[in-house]
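For reference, my_file_22.cif is printed below; it contains mmCIF, N, CA and C atoms.
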```
data_input
loop_
_atom_site.group_PDB
_atom_site.id
_atom_site.type_symbol
_atom_site.label_atom_id
_atom_site.label_comp_id
_atom_site.auth_asym_id
_atom_site.auth_seq_id
_atom_site.Cartn_x
_atom_site.Cartn_y
_atom_site.Cartn_z
ATOM 1 N N MET A 830 68.234 -31.745 -85.055
ATOM 2 C CA MET A 830 67.295 -32.420 -84.171
ATOM 3 C C MET A 830 65.921 -31.783 -84.349
ATOM 4 N N TYR A 831 64.914 -32.628 -84.490
ATOM 5 C CA TYR A 831 63.551 -32.140 -84.588
ATOM 6 C C TYR A 831 62.613 -33.085 -83.858
ATOM 7 N N ALA A 832 61.394 -32.613 -83.639
ATOM 8 C CA ALA A 832 60.378 -33.430 -82.976
ATOM 9 C C ALA A 832 59.029 -33.115 -83.598
ATOM 10 N N ILE A 833 58.112 -34.061 -83.484
ATOM 11 C CA ILE A 833 56.729 -33.840 -83.885
ATOM 12 C C ILE A 833 55.904 -33.808 -82.612
ATOM 13 N N VAL A 834 55.200 -32.687 -82.416
ATOM 14 C CA VAL A 834 54.491 -32.409 -81.170
ATOM 15 C C VAL A 834 53.026 -32.154 -81.476
ATOM 16 N N GLU A 835 52.173 -32.623 -80.569
ATOM 17 C CA GLU A 835 50.743 -32.336 -80.694
ATOM 18 C C GLU A 835 50.407 -31.150 -79.797
ATOM 19 N N ILE A 836 49.888 -30.076 -80.422
ATOM 20 C CA ILE A 836 49.509 -28.860 -79.705
ATOM 21 C C ILE A 836 48.070 -28.545 -80.063
ATOM 22 N N ALA A 837 47.199 -28.586 -79.076
ATOM 23 C CA ALA A 837 45.773 -28.261 -79.258
ATOM 24 C C ALA A 837 45.143 -29.089 -80.369
ATOM 25 N N GLY A 838 45.492 -30.385 -80.430
ATOM 26 C CA GLY A 838 44.878 -31.282 -81.395
ATOM 27 C C GLY A 838 45.508 -31.267 -82.773
ATOM 28 N N LYS A 839 46.539 -30.458 -82.997
ATOM 29 C CA LYS A 839 47.216 -30.398 -84.290
ATOM 30 C C LYS A 839 48.677 -30.780 -84.106
ATOM 31 N N GLN A 840 49.258 -31.393 -85.146
ATOM 32 C CA GLN A 840 50.636 -31.848 -85.072
ATOM 33 C C GLN A 840 51.560 -30.860 -85.778
ATOM 34 N N PHE A 841 52.697 -30.551 -85.122
ATOM 35 C CA PHE A 841 53.673 -29.618 -85.655
ATOM 36 C C PHE A 841 55.050 -30.264 -85.633
ATOM 37 N N LYS A 842 55.823 -30.052 -86.701
ATOM 38 C CA LYS A 842 57.225 -30.457 -86.727
ATOM 39 C C LYS A 842 58.025 -29.254 -86.233
ATOM 40 N N VAL A 843 58.747 -29.427 -85.135
ATOM 41 C CA VAL A 843 59.450 -28.303 -84.517
ATOM 42 C C VAL A 843 60.938 -28.612 -84.376
ATOM 43 N N ALA A 844 61.733 -27.555 -84.408
ATOM 44 C CA ALA A 844 63.172 -27.631 -84.177
ATOM 45 C C ALA A 844 63.550 -26.475 -83.261
ATOM 46 N N LYS A 845 64.748 -26.535 -82.700
ATOM 47 C CA LYS A 845 65.197 -25.494 -81.779
ATOM 48 C C LYS A 845 65.282 -24.151 -82.505
ATOM 49 N N ASP A 846 64.888 -23.075 -81.817
ATOM 50 C CA ASP A 846 64.899 -21.690 -82.321
ATOM 51 C C ASP A 846 63.948 -21.467 -83.497
ATOM 52 N N GLN A 847 62.952 -22.302 -83.645
ATOM 53 C CA GLN A 847 61.965 -22.144 -84.710
ATOM 54 C C GLN A 847 60.739 -21.428 -84.161
ATOM 55 N N TYR A 848 60.052 -20.664 -85.017
ATOM 56 C CA TYR A 848 58.795 -20.017 -84.660
ATOM 57 C C TYR A 848 57.644 -20.821 -85.256
ATOM 58 N N ILE A 849 56.595 -21.044 -84.467
ATOM 59 C CA ILE A 849 55.404 -21.698 -84.988
ATOM 60 C C ILE A 849 54.183 -20.865 -84.609
ATOM 61 N N TYR A 850 53.144 -20.992 -85.403
ATOM 62 C CA TYR A 850 51.872 -20.337 -85.127
ATOM 63 C C TYR A 850 50.878 -21.422 -84.741
ATOM 64 N N ALA A 851 50.659 -21.581 -83.447
ATOM 65 C CA ALA A 851 49.761 -22.602 -82.913
ATOM 66 C C ALA A 851 48.396 -21.980 -82.655
ATOM 67 N N PRO A 852 47.341 -22.785 -82.565
ATOM 68 C CA PRO A 852 46.050 -22.235 -82.151
ATOM 69 C C PRO A 852 46.186 -21.529 -80.812
ATOM 70 N N LYS A 853 45.355 -20.533 -80.571
ATOM 71 C CA LYS A 853 45.532 -19.646 -79.421
ATOM 72 C C LYS A 853 45.675 -20.426 -78.117
ATOM 73 N N LEU A 854 46.751 -20.116 -77.380
ATOM 74 C CA LEU A 854 47.068 -20.752 -76.110
ATOM 75 C C LEU A 854 46.830 -19.765 -74.977
ATOM 76 N N ASP A 855 46.582 -20.292 -73.779
ATOM 77 C CA ASP A 855 46.450 -19.448 -72.600
ATOM 78 C C ASP A 855 47.835 -18.959 -72.189
ATOM 79 N N GLY A 856 47.909 -17.713 -71.747
ATOM 80 C CA GLY A 856 49.176 -17.155 -71.288
ATOM 81 C C GLY A 856 49.479 -15.848 -71.991
ATOM 82 N N ASP A 857 50.256 -15.030 -71.320
ATOM 83 C CA ASP A 857 50.637 -13.739 -71.866
ATOM 84 C C ASP A 857 51.966 -13.853 -72.608
ATOM 85 N N ALA A 858 52.324 -12.774 -73.316
ATOM 86 C CA ALA A 858 53.597 -12.743 -74.026
ATOM 87 C C ALA A 858 54.746 -12.847 -73.019
ATOM 88 N N GLY A 859 55.727 -13.671 -73.321
ATOM 89 C CA GLY A 859 56.858 -13.887 -72.432
ATOM 90 C C GLY A 859 56.706 -15.084 -71.520
ATOM 91 N N THR A 860 55.537 -15.692 -71.492
ATOM 92 C CA THR A 860 55.283 -16.848 -70.643
ATOM 93 C C THR A 860 55.909 -18.102 -71.255
ATOM 94 N N ALA A 861 56.511 -18.935 -70.421
ATOM 95 C CA ALA A 861 57.077 -20.207 -70.879
ATOM 96 C C ALA A 861 55.972 -21.252 -70.974
ATOM 97 N N VAL A 862 56.028 -22.073 -72.015
ATOM 98 C CA VAL A 862 55.067 -23.155 -72.204
ATOM 99 C C VAL A 862 55.837 -24.457 -72.382
ATOM 100 N N ASN A 863 55.192 -25.559 -72.004
ATOM 101 C CA ASN A 863 55.804 -26.872 -72.088
ATOM 102 C C ASN A 863 54.824 -27.813 -72.774
ATOM 103 N N PHE A 864 55.279 -28.504 -73.810
ATOM 104 C CA PHE A 864 54.447 -29.437 -74.563
ATOM 105 C C PHE A 864 54.916 -30.853 -74.270
ATOM 106 N N ASP A 865 54.040 -31.663 -73.652
ATOM 107 C CA ASP A 865 54.398 -33.020 -73.241
ATOM 108 C C ASP A 865 54.003 -34.087 -74.257
ATOM 109 N N LYS A 866 53.107 -33.769 -75.167
ATOM 110 C CA LYS A 866 52.639 -34.763 -76.133
ATOM 111 C C LYS A 866 53.584 -34.811 -77.330
ATOM 112 N N VAL A 867 54.688 -35.521 -77.157
ATOM 113 C CA VAL A 867 55.693 -35.659 -78.204
ATOM 114 C C VAL A 867 55.472 -37.004 -78.890
ATOM 115 N N LEU A 868 55.297 -36.974 -80.209
ATOM 116 C CA LEU A 868 55.001 -38.182 -80.973
ATOM 117 C C LEU A 868 56.251 -38.817 -81.579
ATOM 118 N N LEU A 869 57.262 -37.988 -81.930
ATOM 119 C CA LEU A 869 58.453 -38.495 -82.599
ATOM 120 C C LEU A 869 59.612 -37.556 -82.284
ATOM 121 N N VAL A 870 60.801 -38.119 -82.101
ATOM 122 C CA VAL A 870 62.016 -37.330 -81.889
ATOM 123 C C VAL A 870 63.112 -37.891 -82.776
ATOM 124 N N ASP A 871 63.781 -37.001 -83.529
ATOM 125 C CA ASP A 871 64.927 -37.381 -84.357
ATOM 126 C C ASP A 871 66.126 -36.569 -83.888
ATOM 127 N N ASP A 872 67.162 -37.259 -83.351
ATOM 128 C CA ASP A 872 68.339 -36.549 -82.846
ATOM 129 C C ASP A 872 69.512 -36.606 -83.816
ATOM 130 N N GLY A 873 69.273 -37.001 -85.047
ATOM 131 C CA GLY A 873 70.338 -37.061 -86.043
ATOM 132 C C GLY A 873 70.873 -38.459 -86.270
ATOM 133 N N SER A 874 70.924 -39.263 -85.219
ATOM 134 C CA SER A 874 71.436 -40.622 -85.369
ATOM 135 C C SER A 874 70.343 -41.674 -85.218
ATOM 136 N N ALA A 875 69.328 -41.387 -84.410
ATOM 137 C CA ALA A 875 68.252 -42.359 -84.195
ATOM 138 C C ALA A 875 66.915 -41.634 -84.148
ATOM 139 N N ILE A 876 65.890 -42.353 -84.551
ATOM 140 C CA ILE A 876 64.529 -41.815 -84.523
ATOM 141 C C ILE A 876 63.733 -42.595 -83.493
ATOM 142 N N ASN A 877 63.145 -41.891 -82.529
ATOM 143 C CA ASN A 877 62.278 -42.515 -81.534
ATOM 144 C C ASN A 877 60.833 -42.199 -81.879
ATOM 145 N N VAL A 878 60.047 -43.248 -82.028
ATOM 146 C CA VAL A 878 58.635 -43.089 -82.350
ATOM 147 C C VAL A 878 57.824 -43.590 -81.169
ATOM 148 N N GLY A 879 56.884 -42.783 -80.704
ATOM 149 C CA GLY A 879 56.058 -43.171 -79.573
ATOM 150 C C GLY A 879 54.895 -44.035 -80.004
ATOM 151 N N ALA A 880 54.276 -44.664 -79.018
ATOM 152 C CA ALA A 880 53.118 -45.514 -79.289
ATOM 153 C C ALA A 880 52.015 -45.209 -78.285
ATOM 154 N N PRO A 881 51.280 -44.136 -78.341
ATOM 155 C CA PRO A 881 51.374 -43.045 -79.314
ATOM 156 C C PRO A 881 52.287 -41.908 -78.872
ATOM 157 N N MET A 882 52.617 -41.792 -77.575
ATOM 158 C CA MET A 882 53.453 -40.689 -77.093
ATOM 159 C C MET A 882 54.782 -41.230 -76.561
ATOM 160 N N ILE A 883 55.802 -40.375 -76.539
ATOM 161 C CA ILE A 883 57.095 -40.719 -75.949
ATOM 162 C C ILE A 883 57.103 -40.164 -74.537
ATOM 163 N N SER A 884 57.373 -41.027 -73.561
ATOM 164 C CA SER A 884 57.409 -40.566 -72.175
ATOM 165 C C SER A 884 58.801 -40.050 -71.841
ATOM 166 N N GLY A 885 58.860 -39.031 -70.996
ATOM 167 C CA GLY A 885 60.129 -38.481 -70.554
ATOM 168 C C GLY A 885 60.708 -37.410 -71.454
ATOM 169 N N ILE A 886 60.081 -37.125 -72.573
ATOM 170 C CA ILE A 886 60.550 -36.092 -73.491
ATOM 171 C C ILE A 886 59.510 -34.991 -73.542
ATOM 172 N N SER A 887 59.965 -33.743 -73.511
ATOM 173 C CA SER A 887 59.049 -32.618 -73.649
ATOM 174 C C SER A 887 59.731 -31.520 -74.455
ATOM 175 N N VAL A 888 58.927 -30.654 -75.006
ATOM 176 C CA VAL A 888 59.401 -29.530 -75.803
ATOM 177 C C VAL A 888 58.999 -28.255 -75.071
ATOM 178 N N SER A 889 59.971 -27.383 -74.836
ATOM 179 C CA SER A 889 59.662 -26.135 -74.148
ATOM 180 C C SER A 889 59.791 -24.974 -75.116
ATOM 181 N N GLY A 890 58.961 -23.970 -74.875
ATOM 182 C CA GLY A 890 58.961 -22.801 -75.732
ATOM 183 C C GLY A 890 58.547 -21.567 -74.966
ATOM 184 N N LYS A 891 58.475 -20.451 -75.684
ATOM 185 C CA LYS A 891 58.109 -19.183 -75.074
ATOM 186 C C LYS A 891 57.091 -18.502 -75.966
ATOM 187 N N ILE A 892 56.006 -18.004 -75.370
ATOM 188 C CA ILE A 892 54.985 -17.276 -76.121
ATOM 189 C C ILE A 892 55.535 -15.892 -76.445
ATOM 190 N N LEU A 893 55.538 -15.548 -77.737
ATOM 191 C CA LEU A 893 56.023 -14.240 -78.150
ATOM 192 C C LEU A 893 54.887 -13.229 -78.276
ATOM 193 N N GLU A 894 53.790 -13.634 -78.920
ATOM 194 C CA GLU A 894 52.650 -12.727 -79.081
ATOM 195 C C GLU A 894 51.430 -13.510 -79.547
ATOM 196 N N HIS A 895 50.276 -12.863 -79.424
ATOM 197 C CA HIS A 895 49.027 -13.400 -79.954
ATOM 198 C C HIS A 895 48.686 -12.603 -81.207
ATOM 199 N N VAL A 896 48.407 -13.306 -82.298
ATOM 200 C CA VAL A 896 48.151 -12.656 -83.582
ATOM 201 C C VAL A 896 46.884 -13.224 -84.208
ATOM 202 N N LYS A 897 46.413 -12.548 -85.258
ATOM 203 C CA LYS A 897 45.277 -13.023 -86.030
ATOM 204 C C LYS A 897 45.764 -13.474 -87.402
ATOM 205 N N GLY A 898 45.128 -14.499 -87.938
ATOM 206 C CA GLY A 898 45.470 -14.995 -89.259
ATOM 207 C C GLY A 898 44.825 -14.150 -90.344
ATOM 208 N N ASN A 899 44.988 -14.570 -91.586
ATOM 209 C CA ASN A 899 44.383 -13.869 -92.712
ATOM 210 C C ASN A 899 42.871 -14.020 -92.691
ATOM 211 N N LYS A 900 42.188 -13.051 -93.267
ATOM 212 C CA LYS A 900 40.737 -13.093 -93.296
ATOM 213 C C LYS A 900 40.257 -14.133 -94.306
ATOM 214 N N VAL A 901 39.272 -14.917 -93.884
ATOM 215 C CA VAL A 901 38.632 -15.903 -94.744
ATOM 216 C C VAL A 901 37.214 -15.419 -94.992
ATOM 217 N N ILE A 902 36.822 -15.302 -96.254
ATOM 218 C CA ILE A 902 35.483 -14.852 -96.617
ATOM 219 C C ILE A 902 34.577 -16.069 -96.791
ATOM 220 N N VAL A 903 33.430 -16.047 -96.109
ATOM 221 C CA VAL A 903 32.424 -17.098 -96.239
ATOM 222 C C VAL A 903 31.254 -16.485 -96.990
ATOM 223 N N PHE A 904 31.002 -16.948 -98.222
ATOM 224 C CA PHE A 904 29.955 -16.379 -99.070
ATOM 225 C C PHE A 904 28.963 -17.474 -99.426
ATOM 226 N N LYS A 905 27.688 -17.227 -99.131
ATOM 227 C CA LYS A 905 26.627 -18.187 -99.436
ATOM 228 C C LYS A 905 25.601 -17.514 -100.335
ATOM 229 N N LYS A 906 25.114 -18.260 -101.322
ATOM 230 C CA LYS A 906 24.107 -17.720 -102.238
ATOM 231 C C LYS A 906 23.240 -18.847 -102.762
ATOM 232 N N LYS A 907 21.948 -18.580 -102.857
ATOM 233 C CA LYS A 907 21.025 -19.498 -103.518
ATOM 234 C C LYS A 907 20.446 -18.760 -104.715
ATOM 235 N N ARG A 908 20.681 -19.314 -105.869
ATOM 236 C CA ARG A 908 20.283 -18.610 -107.078
ATOM 237 C C ARG A 908 18.767 -18.491 -107.200
ATOM 238 N N ARG A 909 18.355 -17.391 -107.743
ATOM 239 C CA ARG A 909 16.949 -17.056 -108.017
ATOM 240 C C ARG A 909 16.090 -16.940 -106.762
ATOM 241 N N LYS A 910 16.665 -16.872 -105.594
ATOM 242 C CA LYS A 910 15.892 -16.788 -104.350
ATOM 243 C C LYS A 910 16.132 -15.472 -103.609
ATOM 244 N N GLY A 911 17.123 -14.701 -104.021
ATOM 245 C CA GLY A 911 17.434 -13.452 -103.335
ATOM 246 C C GLY A 911 18.198 -13.655 -102.042
ATOM 247 N N TYR A 912 18.747 -14.841 -101.839
ATOM 248 C CA TYR A 912 19.466 -15.167 -100.594
ATOM 249 C C TYR A 912 20.961 -14.992 -100.814
ATOM 250 N N VAL A 913 21.555 -14.018 -100.128
ATOM 251 C CA VAL A 913 22.992 -13.777 -100.180
ATOM 252 C C VAL A 913 23.465 -13.445 -98.776
ATOM 253 N N VAL A 914 24.482 -14.171 -98.303
ATOM 254 C CA VAL A 914 25.073 -13.917 -96.987
ATOM 255 C C VAL A 914 26.588 -13.876 -97.164
ATOM 256 N N LYS A 915 27.212 -12.826 -96.636
ATOM 257 C CA LYS A 915 28.666 -12.706 -96.693
ATOM 258 C C LYS A 915 29.190 -12.468 -95.286
ATOM 259 N N ASN A 916 30.072 -13.367 -94.825
ATOM 260 C CA ASN A 916 30.693 -13.255 -93.509
ATOM 261 C C ASN A 916 32.199 -13.357 -93.659
ATOM 262 N N GLY A 917 32.911 -12.799 -92.686
ATOM 263 C CA GLY A 917 34.362 -12.912 -92.647
ATOM 264 C C GLY A 917 34.793 -13.520 -91.325
ATOM 265 N N HIS A 918 35.979 -14.096 -91.308
ATOM 266 C CA HIS A 918 36.485 -14.727 -90.086
ATOM 267 C C HIS A 918 38.007 -14.601 -90.061
ATOM 268 N N ARG A 919 38.567 -14.288 -88.889
ATOM 269 C CA ARG A 919 40.019 -14.267 -88.691
ATOM 270 C C ARG A 919 40.351 -15.147 -87.500
ATOM 271 N N GLN A 920 41.141 -16.182 -87.739
ATOM 272 C CA GLN A 920 41.493 -17.145 -86.699
ATOM 273 C C GLN A 920 42.530 -16.552 -85.756
ATOM 274 N N GLN A 921 42.417 -16.876 -84.470
ATOM 275 C CA GLN A 921 43.374 -16.427 -83.457
ATOM 276 C C GLN A 921 44.525 -17.431 -83.359
ATOM 277 N N PHE A 922 45.772 -16.937 -83.397
ATOM 278 C CA PHE A 922 46.956 -17.774 -83.286
ATOM 279 C C PHE A 922 47.878 -17.236 -82.199
ATOM 280 N N THR A 923 48.771 -18.103 -81.723
ATOM 281 C CA THR A 923 49.807 -17.711 -80.782
ATOM 282 C C THR A 923 51.154 -18.013 -81.422
ATOM 283 N N LYS A 924 52.024 -16.996 -81.476
ATOM 284 C CA LYS A 924 53.367 -17.190 -82.015
ATOM 285 C C LYS A 924 54.260 -17.694 -80.891
ATOM 286 N N VAL A 925 54.844 -18.884 -81.092
ATOM 287 C CA VAL A 925 55.656 -19.537 -80.071
ATOM 288 C C VAL A 925 57.055 -19.782 -80.627
ATOM 289 N N GLN A 926 58.073 -19.464 -79.830
ATOM 290 C CA GLN A 926 59.449 -19.788 -80.186
ATOM 291 C C GLN A 926 59.865 -21.035 -79.426
ATOM 292 N N ILE A 927 60.347 -22.056 -80.138
ATOM 293 C CA ILE A 927 60.775 -23.307 -79.523
ATOM 294 C C ILE A 927 62.179 -23.097 -78.939
ATOM 295 N N GLU A 928 62.332 -23.362 -77.639
ATOM 296 C CA GLU A 928 63.618 -23.132 -76.976
ATOM 297 C C GLU A 928 64.447 -24.397 -76.823
ATOM 298 N N SER A 929 63.815 -25.534 -76.498
ATOM 299 C CA SER A 929 64.585 -26.767 -76.338
ATOM 300 C C SER A 929 63.707 -27.982 -76.549
ATOM 301 N N ILE A 930 64.373 -29.068 -76.935
ATOM 302 C CA ILE A 930 63.715 -30.371 -77.104
ATOM 303 C C ILE A 930 64.466 -31.356 -76.233
ATOM 304 N N GLY A 931 63.708 -32.068 -75.386
ATOM 305 C CA GLY A 931 64.385 -33.079 -74.577
ATOM 306 C C GLY A 931 63.989 -33.126 -73.160
#
```

Kindly transcribe the structure held in the file into structure tokens.
Amino acid sequence: MYAIVEIAGKQFKVAKDQYIYAPKLDGDAGTAVNFDKVLLVDDGSAINVGAPMISGISVSGKILEHVKGNKVIVFKKKRRKGYVVKNGHRQQFTKVQIESIG
């Protein structure tokens, strides 16, 4: 059984006992979260597709920790002008364990 859920504007395919890295969510480690924007549910025998959301179905999970992603280097240069800028960025993520679908 799996579902496609919208979390913070991004879509994730989730299954029970799976870990996902979602954009940073409010809440501390150990806090339960509930995702109501379910777009699709597959229970093995039938597929339910929402238009655009499925009502009455939600996905629950638990926040495990807040982590940072890999560093992305932003490098800008204009040739023959002496202009060089180098910046780095690390995106904030929340590690969530999916506990149940339904």

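Computed from the coordinates, the atom CA of A:Gln920 to atom N of A:Lys900 distance equals 7.8 Å.
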
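Note that the spacing between atom CA of A:Glu928 and atom CA of A:Gly859 amounts to 12.3 Å.
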
Using all atoms listed in the file, which residues sit within 7 Å of A:Asp871 once same-chain residues fewer than 2 positions away are excluded, as number ranges by chain? A: 830-833, 869, 873-877

For the point (51.0, -33.1, -81.7) in file coordinates, what residues are within 10 Å, counting only C-alpha atoms? Give the answer as a VMD selection string? chain A and resid 832 to 842 864 to 869 882

Exercise: A:Ser889 partners within 8 Å, all atoms listed in the file, chain neighbours under 5 positions left out, as a PDB file with N, CA and C atoms, in the frame of the given file:
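File selection_35.pdb, as written:
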```pdb
ATOM      1  N   ALA A 861      56.511 -18.935 -70.421  1.00  0.00           N
ATOM      2  CA  ALA A 861      57.077 -20.207 -70.879  1.00  0.00           C
ATOM      3  C   ALA A 861      55.972 -21.252 -70.974  1.00  0.00           C
ATOM      4  N   VAL A 862      56.028 -22.073 -72.015  1.00  0.00           N
ATOM      5  CA  VAL A 862      55.067 -23.155 -72.204  1.00  0.00           C
ATOM      6  C   VAL A 862      55.837 -24.457 -72.382  1.00  0.00           C
ATOM      7  N   ASN A 863      55.192 -25.559 -72.004  1.00  0.00           N
ATOM      8  CA  ASN A 863      55.804 -26.872 -72.088  1.00  0.00           C
ATOM      9  C   ASN A 863      54.824 -27.813 -72.774  1.00  0.00           C
ATOM     10  N   PHE A 864      55.279 -28.504 -73.810  1.00  0.00           N
ATOM     11  CA  PHE A 864      54.447 -29.437 -74.563  1.00  0.00           C
ATOM     12  C   PHE A 864      54.916 -30.853 -74.270  1.00  0.00           C
ATOM     13  N   ASP A 865      54.040 -31.663 -73.652  1.00  0.00           N
ATOM     14  CA  ASP A 865      54.398 -33.020 -73.241  1.00  0.00           C
ATOM     15  C   ASP A 865      54.003 -34.087 -74.257  1.00  0.00           C
ATOM     16  N   GLN A 926      58.073 -19.464 -79.830  1.00  0.00           N
ATOM     17  CA  GLN A 926      59.449 -19.788 -80.186  1.00  0.00           C
ATOM     18  C   GLN A 926      59.865 -21.035 -79.426  1.00  0.00           C
ATOM     19  N   ILE A 927      60.347 -22.056 -80.138  1.00  0.00           N
ATOM     20  CA  ILE A 927      60.775 -23.307 -79.523  1.00  0.00           C
ATOM     21  C   ILE A 927      62.179 -23.097 -78.939  1.00  0.00           C
ATOM     22  N   GLU A 928      62.332 -23.362 -77.639  1.00  0.00           N
ATOM     23  CA  GLU A 928      63.618 -23.132 -76.976  1.00  0.00           C
ATOM     24  C   GLU A 928      64.447 -24.397 -76.823  1.00  0.00           C
ATOM     25  N   SER A 929      63.815 -25.534 -76.498  1.00  0.00           N
ATOM     26  CA  SER A 929      64.585 -26.767 -76.338  1.00  0.00           C
ATOM     27  C   SER A 929      63.707 -27.982 -76.549  1.00  0.00           C
ATOM     28  N   ILE A 930      64.373 -29.068 -76.935  1.00  0.00           N
ATOM     29  CA  ILE A 930      63.715 -30.371 -77.104  1.00  0.00           C
ATOM     30  C   ILE A 930      64.466 -31.356 -76.233  1.00  0.00           C
ATOM     31  N   GLY A 931      63.708 -32.068 -75.386  1.00  0.00           N
ATOM     32  CA  GLY A 931      64.385 -33.079 -74.577  1.00  0.00           C
ATOM     33  C   GLY A 931      63.989 -33.126 -73.160  1.00  0.00           C
TER      34      GLY A 931
END
```

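For the pair atom N of A:Ile883 and atom C of A:Val870, the separation is 9.9 Å.
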
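Listed by chain and then by number, the residues chosen by the PyMOL selection byres (((chain A and resi 852 and name CA) around 10) and name CA) in this file are Ile836, Ala837, Gly838, Lys839, Ile849, Tyr850, Ala851, Lys853, Leu854, Asp855, His895, Val896, Gln920, Gln921, Phe922, Thr923 and Lys924 of chain A.
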
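Nearest-residue note for A:Val903: choosing from A:Gln847, A:Lys891, A:Thr860, A:Gly917, the minimum distance belongs to A:Gly917, counting all atoms listed in the file.
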
For stretch 835-863 of chain A, write C-alpha atoms out as a compact mmCIF listing (two decimals), in the first residue's frame.
```
# COMPACT_ATOMS: atom_id res chain seq x y z
CA GLU A 835 1.53 16.82 -0.91
CA ILE A 836 3.81 18.20 1.83
CA ALA A 837 4.80 21.87 1.76
CA GLY A 838 4.04 22.17 -1.96
CA LYS A 839 5.99 19.04 -2.99
CA GLN A 840 4.64 15.58 -3.78
CA PHE A 841 6.01 12.45 -2.10
CA LYS A 842 5.27 8.77 -2.68
CA VAL A 843 5.04 7.25 0.80
CA ALA A 844 4.52 3.79 2.27
CA LYS A 845 4.20 2.53 5.84
CA ASP A 846 7.47 2.54 7.88
CA GLN A 847 9.25 4.63 5.23
CA TYR A 848 11.51 7.60 6.00
CA ILE A 849 11.19 10.78 3.94
CA TYR A 850 13.08 14.07 3.99
CA ALA A 851 10.46 16.81 3.66
CA PRO A 852 11.08 20.57 3.68
CA LYS A 853 11.45 21.81 7.24
CA LEU A 854 8.23 21.38 9.24
CA ASP A 855 7.17 22.99 12.51
CA GLY A 856 7.49 20.73 15.54
CA ASP A 857 10.11 19.07 17.67
CA ALA A 858 11.55 15.57 17.38
CA GLY A 859 8.98 12.97 18.47
CA THR A 860 5.99 15.10 17.49
CA ALA A 861 3.21 13.41 15.49
CA VAL A 862 2.25 15.01 12.18
CA ASN A 863 -0.79 14.45 9.98
```
